[in-house]
$ cat target35.pdb   # PDB, C-alpha atoms
ATOM      1  CA  MET A  51      33.561  33.609  70.478
ATOM      2  CA  LYS A  52      31.732  36.202  68.485
ATOM      3  CA  MET A  53      28.164  37.377  68.539
ATOM      4  CA  SER A  54      26.289  37.724  65.235
ATOM      5  CA  GLU A  55      26.380  41.219  63.740
ATOM      6  CA  GLY A  56      22.598  40.807  63.676
ATOM      7  CA  VAL A  57      22.441  41.592  67.398
ATOM      8  CA  GLU A  58      24.067  44.998  66.868
ATOM      9  CA  TRP A  59      22.004  45.718  63.756
ATOM     10  CA  THR A  60      18.634  44.808  65.251
ATOM     11  CA  ALA A  61      19.377  46.512  68.572
ATOM     12  CA  HIS A  62      19.859  49.778  66.668
ATOM     13  CA  ALA A  63      16.854  49.068  64.429
ATOM     14  CA  CYS A  64      14.616  48.382  67.437
ATOM     15  CA  ALA A  65      15.873  51.533  69.191
ATOM     16  CA  LEU A  66      14.749  53.461  66.104
ATOM     17  CA  LEU A  67      11.347  51.713  66.069
ATOM     18  CA  ALA A  68      11.002  52.434  69.786
ATOM     19  CA  ALA A  69      11.373  56.146  69.082
ATOM     20  CA  LEU A  70       8.433  56.159  66.654
ATOM     21  CA  PRO A  71       4.838  56.800  67.737
ATOM     22  CA  ARG A  72       3.125  53.646  69.062
ATOM     23  CA  GLY A  73       1.949  51.353  66.258
ATOM     24  CA  VAL A  74       4.075  52.989  63.566
ATOM     25  CA  GLY A  75       6.624  50.837  61.752
ATOM     26  CA  LEU A  76       9.313  50.956  59.085
ATOM     27  CA  PRO A  77      10.205  48.500  56.306
ATOM     28  CA  ALA A  78      13.416  46.485  56.682
ATOM     29  CA  ALA A  79      14.888  48.438  53.740
ATOM     30  CA  ALA A  80      14.485  51.724  55.639
ATOM     31  CA  LEU A  81      15.934  50.187  58.812
ATOM     32  CA  ALA A  82      18.955  49.111  56.750
ATOM     33  CA  GLU A  83      19.263  52.518  55.095
ATOM     34  CA  PHE A  84      19.291  54.258  58.484
ATOM     35  CA  HIS A  85      22.850  52.982  59.032
ATOM     36  CA  TYR A  86      23.738  52.079  55.409
ATOM     37  CA  LEU A  87      23.592  48.335  56.149
ATOM     38  CA  ALA A  88      23.060  45.476  53.677
ATOM     39  CA  PRO A  89      19.262  45.338  53.102
ATOM     40  CA  ALA A  90      19.130  41.554  52.503
ATOM     41  CA  TYR A  91      20.871  40.768  55.797
ATOM     42  CA  MET A  92      18.787  43.305  57.685
ATOM     43  CA  ALA A  93      15.628  41.686  56.266
ATOM     44  CA  LYS A  94      16.847  38.276  57.455
ATOM     45  CA  HIS A  95      17.607  39.577  60.949
ATOM     46  CA  MET A  96      14.227  41.337  61.212
ATOM     47  CA  GLN A  97      12.509  38.087  60.230
ATOM     48  CA  ALA A  98      14.273  36.403  63.162
ATOM     49  CA  LEU A  99      12.979  39.154  65.427
ATOM     50  CA  ALA A 100       9.457  38.622  64.105
ATOM     51  CA  ARG A 101       9.679  34.853  64.693
ATOM     52  CA  ALA A 102      10.754  35.569  68.283
ATOM     53  CA  GLY A 103       7.777  37.879  68.845
ATOM     54  CA  VAL A 104       9.740  41.099  69.321
ATOM     55  CA  VAL A 105       8.376  42.807  66.199
ATOM     56  CA  GLU A 106       5.512  42.142  63.808
ATOM     57  CA  SER A 107       5.268  42.693  60.106
ATOM     58  CA  VAL A 108       2.422  44.918  58.878
ATOM     59  CA  ARG A 109       1.463  44.881  55.212
ATOM     60  CA  GLY A 110       0.177  47.676  53.010
ATOM     61  CA  ALA A 111       0.745  51.449  52.927
ATOM     62  CA  GLY A 112       2.707  52.543  55.963
ATOM     63  CA  GLY A 113       3.616  48.916  56.514
ATOM     64  CA  GLY A 114       6.844  47.380  57.708
ATOM     65  CA  TYR A 115       8.075  46.183  61.058
ATOM     66  CA  ARG A 116       6.772  47.566  64.328
ATOM     67  CA  LEU A 117       7.386  46.591  67.928
ATOM     68  CA  ILE A 118       4.828  44.167  69.326
ATOM     69  CA  LYS A 119       5.178  45.363  72.916
ATOM     70  CA  LYS A 120       5.866  48.667  74.641
ATOM     71  CA  PRO A 121       9.556  49.731  74.498
ATOM     72  CA  GLU A 122       9.606  49.628  78.311
ATOM     73  CA  THR A 123       9.022  45.868  78.227
ATOM     74  CA  ILE A 124      11.549  44.893  75.529
ATOM     75  CA  THR A 125      15.130  44.433  76.761
ATOM     76  CA  LEU A 126      18.444  43.919  75.009
ATOM     77  CA  TRP A 127      18.235  40.301  76.167
ATOM     78  CA  ASP A 128      15.048  39.816  74.086
ATOM     79  CA  ILE A 129      16.908  41.065  71.017
ATOM     80  CA  TYR A 130      19.998  38.950  71.720
ATOM     81  CA  GLU A 131      17.840  35.858  72.250
ATOM     82  CA  ALA A 132      15.876  36.451  69.037
ATOM     83  CA  ILE A 133      19.083  36.460  66.989
ATOM     84  CA  GLU A 134      21.338  34.028  68.853
ATOM     85  CA  GLY A 135      18.817  31.713  70.514
ATOM     86  CA  GLU A 136      18.422  30.869  74.176
ATOM     87  CA  GLU A 137      21.118  28.196  74.477
ATOM     88  CA  PRO A 138      24.020  29.222  76.719
ATOM     89  CA  ALA A 139      27.414  29.924  75.160
ATOM     90  CA  PHE A 140      29.041  27.317  77.413
ATOM     91  CA  ARG A 141      27.403  23.974  76.663
ATOM     92  CA  CYS A 142      28.417  21.387  79.218
ATOM     93  CA  SER A 143      28.823  18.045  77.495
ATOM     94  CA  GLU A 144      29.285  16.193  80.792
ATOM     95  CA  ILE A 145      32.738  14.900  79.931
ATOM     96  CA  ARG A 146      33.173  14.006  83.622
ATOM     97  CA  GLN A 147      30.828  11.039  83.013
ATOM     98  CA  HIS A 148      33.415   9.414  80.744
ATOM     99  CA  GLY A 149      36.882   8.120  81.555
ATOM    100  CA  PRO A 150      38.703   5.685  83.794
ATOM    101  CA  CYS A 151      37.975   7.612  87.025
ATOM    102  CA  THR A 152      34.238   8.274  87.081
ATOM    103  CA  GLY A 153      33.783   6.700  90.510
ATOM    104  CA  THR A 154      30.359   5.378  91.378
ATOM    105  CA  GLY A 155      28.797   7.911  89.061
ATOM    106  CA  ASP A 156      26.476  10.317  90.842
ATOM    107  CA  PHE A 157      26.099  13.125  88.330
ATOM    108  CA  ARG A 158      22.817  14.662  89.443
ATOM    109  CA  LYS A 159      24.309  18.050  90.306
ATOM    110  CA  PRO A 160      26.238  20.057  87.689
ATOM    111  CA  CYS A 161      30.001  20.013  88.105
ATOM    112  CA  GLU A 162      31.851  22.985  89.557
ATOM    113  CA  ILE A 163      33.213  24.128  86.181
ATOM    114  CA  SER A 164      29.792  24.078  84.537
ATOM    115  CA  SER A 165      28.303  25.888  87.564
ATOM    116  CA  VAL A 166      30.772  28.761  87.319
ATOM    117  CA  PHE A 167      30.061  29.257  83.611
ATOM    118  CA  SER A 168      26.317  29.187  84.373
ATOM    119  CA  ARG A 169      26.728  31.846  87.052
ATOM    120  CA  ALA A 170      28.781  33.970  84.648
ATOM    121  CA  GLU A 171      26.105  33.736  81.957
ATOM    122  CA  SER A 172      23.391  34.590  84.494
ATOM    123  CA  ALA A 173      25.294  37.750  85.449
ATOM    124  CA  TRP A 174      25.661  38.652  81.766
ATOM    125  CA  LYS A 175      21.986  37.995  81.048
ATOM    126  CA  ALA A 176      20.905  40.056  84.074
ATOM    127  CA  GLU A 177      22.746  43.101  82.682
ATOM    128  CA  LEU A 178      21.100  42.732  79.265
ATOM    129  CA  LYS A 179      17.693  42.273  80.923
ATOM    130  CA  SER A 180      18.167  45.416  82.989
ATOM    131  CA  VAL A 181      18.081  47.779  79.999
ATOM    132  CA  SER A 182      14.945  48.316  77.923
ATOM    133  CA  LEU A 183      14.512  49.940  74.528
ATOM    134  CA  ALA A 184      12.818  52.822  76.352
ATOM    135  CA  ASP A 185      16.004  53.349  78.420
ATOM    136  CA  ILE A 186      18.080  53.454  75.240
ATOM    137  CA  VAL A 187      15.749  55.860  73.467
ATOM    138  CA  ALA A 188      15.806  58.177  76.516
ATOM    139  CA  GLU A 189      19.606  58.124  76.623
ATOM    140  CA  VAL A 190      19.950  58.722  72.878
ATOM    141  CA  ALA A 191      17.427  61.593  73.019
ATOM    142  CA  ARG A 192      19.312  63.185  75.898
ATOM    143  CA  LYS A 193      22.522  63.309  73.833
ATOM    144  CA  GLN A 194      20.906  64.204  70.518
ATOM    145  CA  THR A 195      22.151  67.415  68.873
ATOM    146  CA  PRO A 196      19.717  69.786  67.099
ATOM    147  CA  THR A 197      21.337  68.870  63.752
ATOM    148  CA  LYS A 198      20.763  65.179  64.265
ATOM    149  CA  ARG A 199      17.196  65.762  65.460
ATOM    150  CA  ALA A 200      16.444  67.790  62.327
ATOM    151  CA  GLN A 201      17.973  65.106  60.053
ATOM    152  CA  LEU A 202      15.948  62.395  61.787
ATOM    153  CA  THR A 203      12.683  64.346  61.539
ATOM    154  CA  GLN A 204      13.248  64.969  57.835
ATOM    155  CA  TRP A 205      14.254  61.358  57.098
ATOM    156  CA  LEU A 206      11.269  59.946  58.988
ATOM    157  CA  ARG A 207       8.914  62.363  57.181
ATOM    158  CA  GLU A 208      10.100  60.892  53.855
ATOM    159  CA  LYS A 209       9.948  57.282  54.995
ATOM    160  CA  LEU A 210       6.559  57.526  56.694
ATOM    161  CA  ALA A 211       4.938  59.595  53.919
TER     162      ALA A 211
ATOM    163  CA  MET B 297      26.709  31.948  70.044
ATOM    164  CA  LYS B 298      28.681  28.947  71.176
ATOM    165  CA  MET B 299      31.930  28.654  73.073
ATOM    166  CA  SER B 300      34.575  26.244  71.771
ATOM    167  CA  GLU B 301      34.462  22.785  73.355
ATOM    168  CA  GLY B 302      38.145  23.491  74.070
ATOM    169  CA  VAL B 303      37.174  25.675  77.023
ATOM    170  CA  GLU B 304      35.338  22.802  78.714
ATOM    171  CA  TRP B 305      38.073  20.287  77.847
ATOM    172  CA  THR B 306      40.986  22.404  79.070
ATOM    173  CA  ALA B 307      39.163  23.596  82.189
ATOM    174  CA  HIS B 308      38.811  19.944  83.218
ATOM    175  CA  ALA B 309      42.389  19.163  82.141
ATOM    176  CA  CYS B 310      43.765  22.090  84.164
ATOM    177  CA  ALA B 311      41.703  21.088  87.204
ATOM    178  CA  LEU B 312      43.372  17.681  86.973
ATOM    179  CA  LEU B 313      46.842  19.248  86.618
ATOM    180  CA  ALA B 314      46.059  21.512  89.586
ATOM    181  CA  ALA B 315      45.438  18.447  91.743
ATOM    182  CA  LEU B 316      48.919  17.024  91.032
ATOM    183  CA  PRO B 317      51.967  17.826  93.172
ATOM    184  CA  ARG B 318      53.607  21.127  92.179
ATOM    185  CA  GLY B 319      55.775  20.774  89.070
ATOM    186  CA  VAL B 320      54.298  17.452  87.978
ATOM    187  CA  GLY B 321      52.651  17.279  84.564
ATOM    188  CA  LEU B 322      50.797  14.917  82.245
ATOM    189  CA  PRO B 323      51.014  14.433  78.463
ATOM    190  CA  ALA B 324      48.110  15.682  76.344
ATOM    191  CA  ALA B 325      47.274  12.052  75.518
ATOM    192  CA  ALA B 326      46.733  11.271  79.208
ATOM    193  CA  LEU B 327      44.658  14.438  79.681
ATOM    194  CA  ALA B 328      42.479  13.304  76.762
ATOM    195  CA  GLU B 329      42.214   9.751  78.119
ATOM    196  CA  PHE B 330      41.051  11.033  81.491
ATOM    197  CA  HIS B 331      37.645  11.844  79.946
ATOM    198  CA  TYR B 332      37.930   9.711  76.779
ATOM    199  CA  LEU B 333      38.334  12.810  74.555
ATOM    200  CA  ALA B 334      39.880  12.996  71.077
ATOM    201  CA  PRO B 335      43.675  13.127  71.655
ATOM    202  CA  ALA B 336      44.429  15.270  68.581
ATOM    203  CA  TYR B 337      41.956  17.977  69.587
ATOM    204  CA  MET B 338      43.107  17.902  73.185
ATOM    205  CA  ALA B 339      46.716  18.355  71.999
ATOM    206  CA  LYS B 340      45.648  21.364  69.912
ATOM    207  CA  HIS B 341      43.794  22.942  72.835
ATOM    208  CA  MET B 342      46.729  22.357  75.216
ATOM    209  CA  GLN B 343      49.049  24.051  72.712
ATOM    210  CA  ALA B 344      46.760  27.107  72.837
ATOM    211  CA  LEU B 345      47.028  27.065  76.632
ATOM    212  CA  ALA B 346      50.809  26.877  76.378
ATOM    213  CA  ARG B 347      50.900  29.826  73.952
ATOM    214  CA  ALA B 348      48.810  31.835  76.424
ATOM    215  CA  GLY B 349      51.201  31.049  79.282
ATOM    216  CA  VAL B 350      48.795  28.979  81.376
ATOM    217  CA  VAL B 351      50.746  25.717  81.042
ATOM    218  CA  GLU B 352      54.215  24.779  79.843
ATOM    219  CA  SER B 353      55.395  21.731  78.006
ATOM    220  CA  VAL B 354      58.158  19.693  79.629
ATOM    221  CA  ARG B 355      60.092  17.148  77.568
ATOM    222  CA  GLY B 356      61.571  13.833  78.593
ATOM    223  CA  ALA B 357      60.574  11.154  81.113
ATOM    224  CA  GLY B 358      57.725  12.405  83.295
ATOM    225  CA  GLY B 359      57.192  15.146  80.720
ATOM    226  CA  GLY B 360      53.971  16.637  79.471
ATOM    227  CA  TYR B 361      52.020  19.742  80.361
ATOM    228  CA  ARG B 362      52.195  21.341  83.764
ATOM    229  CA  LEU B 363      50.739  24.541  85.164
ATOM    230  CA  ILE B 364      53.099  27.500  84.977
ATOM    231  CA  LYS B 365      51.617  29.271  88.000
ATOM    232  CA  LYS B 366      50.062  28.217  91.288
ATOM    233  CA  PRO B 367      46.477  26.935  90.955
ATOM    234  CA  GLU B 368      45.372  29.767  93.277
ATOM    235  CA  THR B 369      46.413  32.310  90.635
ATOM    236  CA  ILE B 370      44.875  30.706  87.531
ATOM    237  CA  THR B 371      41.196  31.480  86.984
ATOM    238  CA  LEU B 372      38.576  30.147  84.597
ATOM    239  CA  TRP B 373      38.919  33.456  82.753
ATOM    240  CA  ASP B 374      42.581  32.657  81.963
ATOM    241  CA  ILE B 375      41.502  29.366  80.435
ATOM    242  CA  TYR B 376      38.636  30.914  78.495
ATOM    243  CA  GLU B 377      40.917  33.657  77.169
ATOM    244  CA  ALA B 378      43.607  31.146  76.125
ATOM    245  CA  ILE B 379      41.113  29.265  73.954
ATOM    246  CA  GLU B 380      38.760  31.996  72.732
ATOM    247  CA  GLY B 381      40.981  35.085  72.794
ATOM    248  CA  GLU B 382      40.441  38.355  74.575
ATOM    249  CA  GLU B 383      38.137  40.044  72.073
ATOM    250  CA  PRO B 384      34.626  40.624  73.420
ATOM    251  CA  ALA B 385      31.738  38.587  72.012
ATOM    252  CA  PHE B 386      29.886  41.789  71.092
ATOM    253  CA  ARG B 387      32.054  43.705  68.641
ATOM    254  CA  CYS B 388      30.697  47.184  68.068
ATOM    255  CA  SER B 389      31.200  48.137  64.440
ATOM    256  CA  GLU B 390      30.061  51.741  65.034
ATOM    257  CA  ILE B 391      27.172  51.537  62.611
ATOM    258  CA  ARG B 392      25.850  54.764  64.162
ATOM    259  CA  GLN B 393      28.607  56.606  62.259
ATOM    260  CA  HIS B 394      26.973  55.736  58.940
ATOM    261  CA  GLY B 395      23.618  56.787  57.547
ATOM    262  CA  PRO B 396      21.543  59.828  56.679
ATOM    263  CA  CYS B 397      21.104  60.964  60.310
ATOM    264  CA  THR B 398      24.558  61.037  61.881
ATOM    265  CA  GLY B 399      24.248  64.652  62.963
ATOM    266  CA  THR B 400      27.429  66.596  63.532
ATOM    267  CA  GLY B 401      29.234  63.368  64.340
ATOM    268  CA  ASP B 402      30.652  63.355  67.858
ATOM    269  CA  PHE B 403      31.384  59.683  68.432
ATOM    270  CA  ARG B 404      34.005  59.861  71.154
ATOM    271  CA  LYS B 405      31.934  58.032  73.742
ATOM    272  CA  PRO B 406      30.586  54.536  73.011
ATOM    273  CA  CYS B 407      26.886  54.392  72.222
ATOM    274  CA  GLU B 408      24.363  53.202  74.790
ATOM    275  CA  ILE B 409      23.861  49.805  73.122
ATOM    276  CA  SER B 410      27.585  49.078  72.996
ATOM    277  CA  SER B 411      27.950  50.225  76.613
ATOM    278  CA  VAL B 412      25.315  47.818  77.876
ATOM    279  CA  PHE B 413      26.956  44.884  76.107
ATOM    280  CA  SER B 414      30.326  45.943  77.576
ATOM    281  CA  ARG B 415      28.847  46.048  81.072
ATOM    282  CA  ALA B 416      27.311  42.603  80.545
ATOM    283  CA  GLU B 417      30.648  41.138  79.421
ATOM    284  CA  SER B 418      32.420  42.740  82.384
ATOM    285  CA  ALA B 419      29.947  41.069  84.764
ATOM    286  CA  TRP B 420      30.499  37.742  82.997
ATOM    287  CA  LYS B 421      34.276  38.103  83.097
ATOM    288  CA  ALA B 422      34.223  39.054  86.790
ATOM    289  CA  GLU B 423      32.465  35.767  87.620
ATOM    290  CA  LEU B 424      35.024  33.729  85.660
ATOM    291  CA  LYS B 425      37.860  35.651  87.316
ATOM    292  CA  SER B 426      36.449  34.987  90.770
ATOM    293  CA  VAL B 427      37.064  31.227  90.642
ATOM    294  CA  SER B 428      40.564  29.727  90.594
ATOM    295  CA  LEU B 429      41.700  26.214  89.755
ATOM    296  CA  ALA B 430      42.457  25.804  93.472
ATOM    297  CA  ASP B 431      38.793  26.559  94.280
ATOM    298  CA  ILE B 432      37.676  23.923  91.778
ATOM    299  CA  VAL B 433      40.105  21.282  93.066
ATOM    300  CA  ALA B 434      38.908  21.931  96.635
ATOM    301  CA  GLU B 435      35.265  21.580  95.606
ATOM    302  CA  VAL B 436      35.890  18.406  93.596
ATOM    303  CA  ALA B 437      37.905  16.895  96.478
ATOM    304  CA  ARG B 438      35.087  17.679  98.911
ATOM    305  CA  LYS B 439      32.592  15.704  96.821
ATOM    306  CA  GLN B 440      34.939  12.867  95.840
ATOM    307  CA  THR B 441      33.807   9.357  96.801
ATOM    308  CA  PRO B 442      36.309   6.758  98.089
ATOM    309  CA  THR B 443      35.807   4.749  94.871
ATOM    310  CA  LYS B 444      36.675   7.689  92.669
ATOM    311  CA  ARG B 445      39.672   8.599  94.814
ATOM    312  CA  ALA B 446      41.002   5.037  94.541
ATOM    313  CA  GLN B 447      40.515   5.017  90.743
ATOM    314  CA  LEU B 448      42.307   8.339  90.436
ATOM    315  CA  THR B 449      45.231   7.251  92.592
ATOM    316  CA  GLN B 450      45.629   4.067  90.556
ATOM    317  CA  TRP B 451      45.342   5.847  87.200
ATOM    318  CA  LEU B 452      47.845   8.551  88.175
ATOM    319  CA  ARG B 453      50.259   5.883  89.452
ATOM    320  CA  GLU B 454      50.248   4.301  85.972
ATOM    321  CA  LYS B 455      50.537   7.605  84.100
ATOM    322  CA  LEU B 456      53.269   9.059  86.281
ATOM    323  CA  ALA B 457      55.294   5.841  86.485
TER     324      ALA B 457
END
$ encode --input "target35.pdb" --output "structure tokens"
Amino acid sequence: MKMSEGVEWTAHACALLAALPRGVGLPAAALAEFHYLAPAYMAKHMQALARAGVVESVRGAGGGYRLIKKPETITLWDIYEAIEGEEPAFRCSEIRQHGPCTGTGDFRKPCEISSVFSRAESAWKAELKSVSLADIVAEVARKQTPTKRAQLTQWLREKLA
Amino acid sequence: MKMSEGVEWTAHACALLAALPRGVGLPAAALAEFHYLAPAYMAKHMQALARAGVVESVRGAGGGYRLIKKPETITLWDIYEAIEGEEPAFRCSEIRQHGPCTGTGDFRKPCEISSVFSRAESAWKAELKSVSLADIVAEVARKQTPTKRAQLTQWLREKLA
């Protein structure tokens, strides 16, 4: 089971957008360039994020994608869900309802196996919901070296000119 | 992101095997029949379980697949891992190492985004590891109706004859 690369790409792209002044955005091409990623795929992933209401596209000079909400209110779960959808990874197909030993057939409650996978996914989701883009930006800033900060300032000056 | 149907199928198959007397097995065809599943796919999934050391194949009369270890020591994680492999769903490709703003490049520690996804998968894995086949058999037995128990006894009598 493998998550789309789009989750990693857009998580980094949104962390970059979250570090910009409120209301400022960047085109998908710049978001791709920031980590030398394929621009066409980045554009596709950012469109998925826009459809999910995590970012919005702004036209014209200084246009591009910007976060719709404050970085404090956007979590890694929101980004995962925008790319992968909200359906759980384990999809119970109720196989217990078929076969020679189904009994009298009371299937109102989920079976034990399905319940355990649901609990596991809830625990996973809770971790992703517990970290916001603001948390990530704060952590990245804390570790940032002067060299990297200078590179970032220069690069952003060019892109936002 | 979607888990293979093989996880659901083999979890149910192993729960059935766990309910049998120690050392007794069932052929893949019977495990498929128990929930009216496609025999060829069930055989493929059971082979994966055998390769992972969860079950073993026994030839001859009364042959088939049986659990290698006690049901108390086999968890839903073991079954998941046998079918899907041990690689995490989120595979960090270290995109932070590429781009115009990589700074002086100290990448020894995982980045914050990768760390959060790792923590989420650890929480998920811990839940799957916390439930054994013995737990599932006990829960299923607790809810079993007399009709279902009678059907199961009759069906097993035919299969194990």
$ axis_aligned_box --input "target35.pdb" --around "range 418-434 of chain B" --padding-each-side "4 Å" --output "JSON"
{"center_x": 36.2, "center_y": 32.0, "center_z": 89.5, "size_x": 20.5, "size_y": 29.5, "size_z": 22.3}
$ resolve_selection --input "target35.pdb" --expression "the ChimeraX specification (/B :<6) & /A" --output "PyMOL selection string"
chain A and resi 51-53+84-86+134+139-140+145+148-149+151+153+170+173-174+177+197-198+201-202
$ resolve_selection --input "target35.pdb" --expression "the PyMOL selection byres ((chain A and resi 98) around 10)" --output "PDB file with C-alpha atoms, keeping the file's coordinate frame"
ATOM      1  CA  GLY A  56      22.598  40.807  63.676  1.00  0.00           C
ATOM      2  CA  THR A  60      18.634  44.808  65.251  1.00  0.00           C
ATOM      3  CA  MET A  92      18.787  43.305  57.685  1.00  0.00           C
ATOM      4  CA  ALA A  93      15.628  41.686  56.266  1.00  0.00           C
ATOM      5  CA  LYS A  94      16.847  38.276  57.455  1.00  0.00           C
ATOM      6  CA  HIS A  95      17.607  39.577  60.949  1.00  0.00           C
ATOM      7  CA  MET A  96      14.227  41.337  61.212  1.00  0.00           C
ATOM      8  CA  GLN A  97      12.509  38.087  60.230  1.00  0.00           C
ATOM      9  CA  LEU A  99      12.979  39.154  65.427  1.00  0.00           C
ATOM     10  CA  ALA A 100       9.457  38.622  64.105  1.00  0.00           C
ATOM     11  CA  ARG A 101       9.679  34.853  64.693  1.00  0.00           C
ATOM     12  CA  ALA A 102      10.754  35.569  68.283  1.00  0.00           C
ATOM     13  CA  GLY A 103       7.777  37.879  68.845  1.00  0.00           C
ATOM     14  CA  VAL A 104       9.740  41.099  69.321  1.00  0.00           C
ATOM     15  CA  VAL A 105       8.376  42.807  66.199  1.00  0.00           C
ATOM     16  CA  ILE A 129      16.908  41.065  71.017  1.00  0.00           C
ATOM     17  CA  GLU A 131      17.840  35.858  72.250  1.00  0.00           C
ATOM     18  CA  ALA A 132      15.876  36.451  69.037  1.00  0.00           C
ATOM     19  CA  ILE A 133      19.083  36.460  66.989  1.00  0.00           C
ATOM     20  CA  GLU A 134      21.338  34.028  68.853  1.00  0.00           C
ATOM     21  CA  GLY A 135      18.817  31.713  70.514  1.00  0.00           C
TER      22      GLY A 135
END
$ atom_distance --input "target35.pdb" --atom1 "CA of Arg207 in chain A" --atom2 "CA of Leu117 in chain A"
19.1 Å
$ atom_distance --input "target35.pdb" --atom1 "CA of Gly73 in chain A" --atom2 "CA of Ser411 in chain B"
28.0 Å
$ atom_distance --input "target35.pdb" --atom1 "CA of Leu316 in chain B" --atom2 "CA of Lys366 in chain B"
11.3 Å
$ residues_near_point --input "target35.pdb" --point "(54.2, 17.9, 89.2)" --cutoff "10 Å" --atoms "only C-alpha atoms" --output "PyMOL selection string"
chain B and resi 313-322+358-363+456
$ closest_residue --input "target35.pdb" --among "B:Leu312, B:Ile364, B:Ala434, B:Ala324" --to "Ala336 in chain B" --atoms "all atoms listed in the file"
B:Ala324
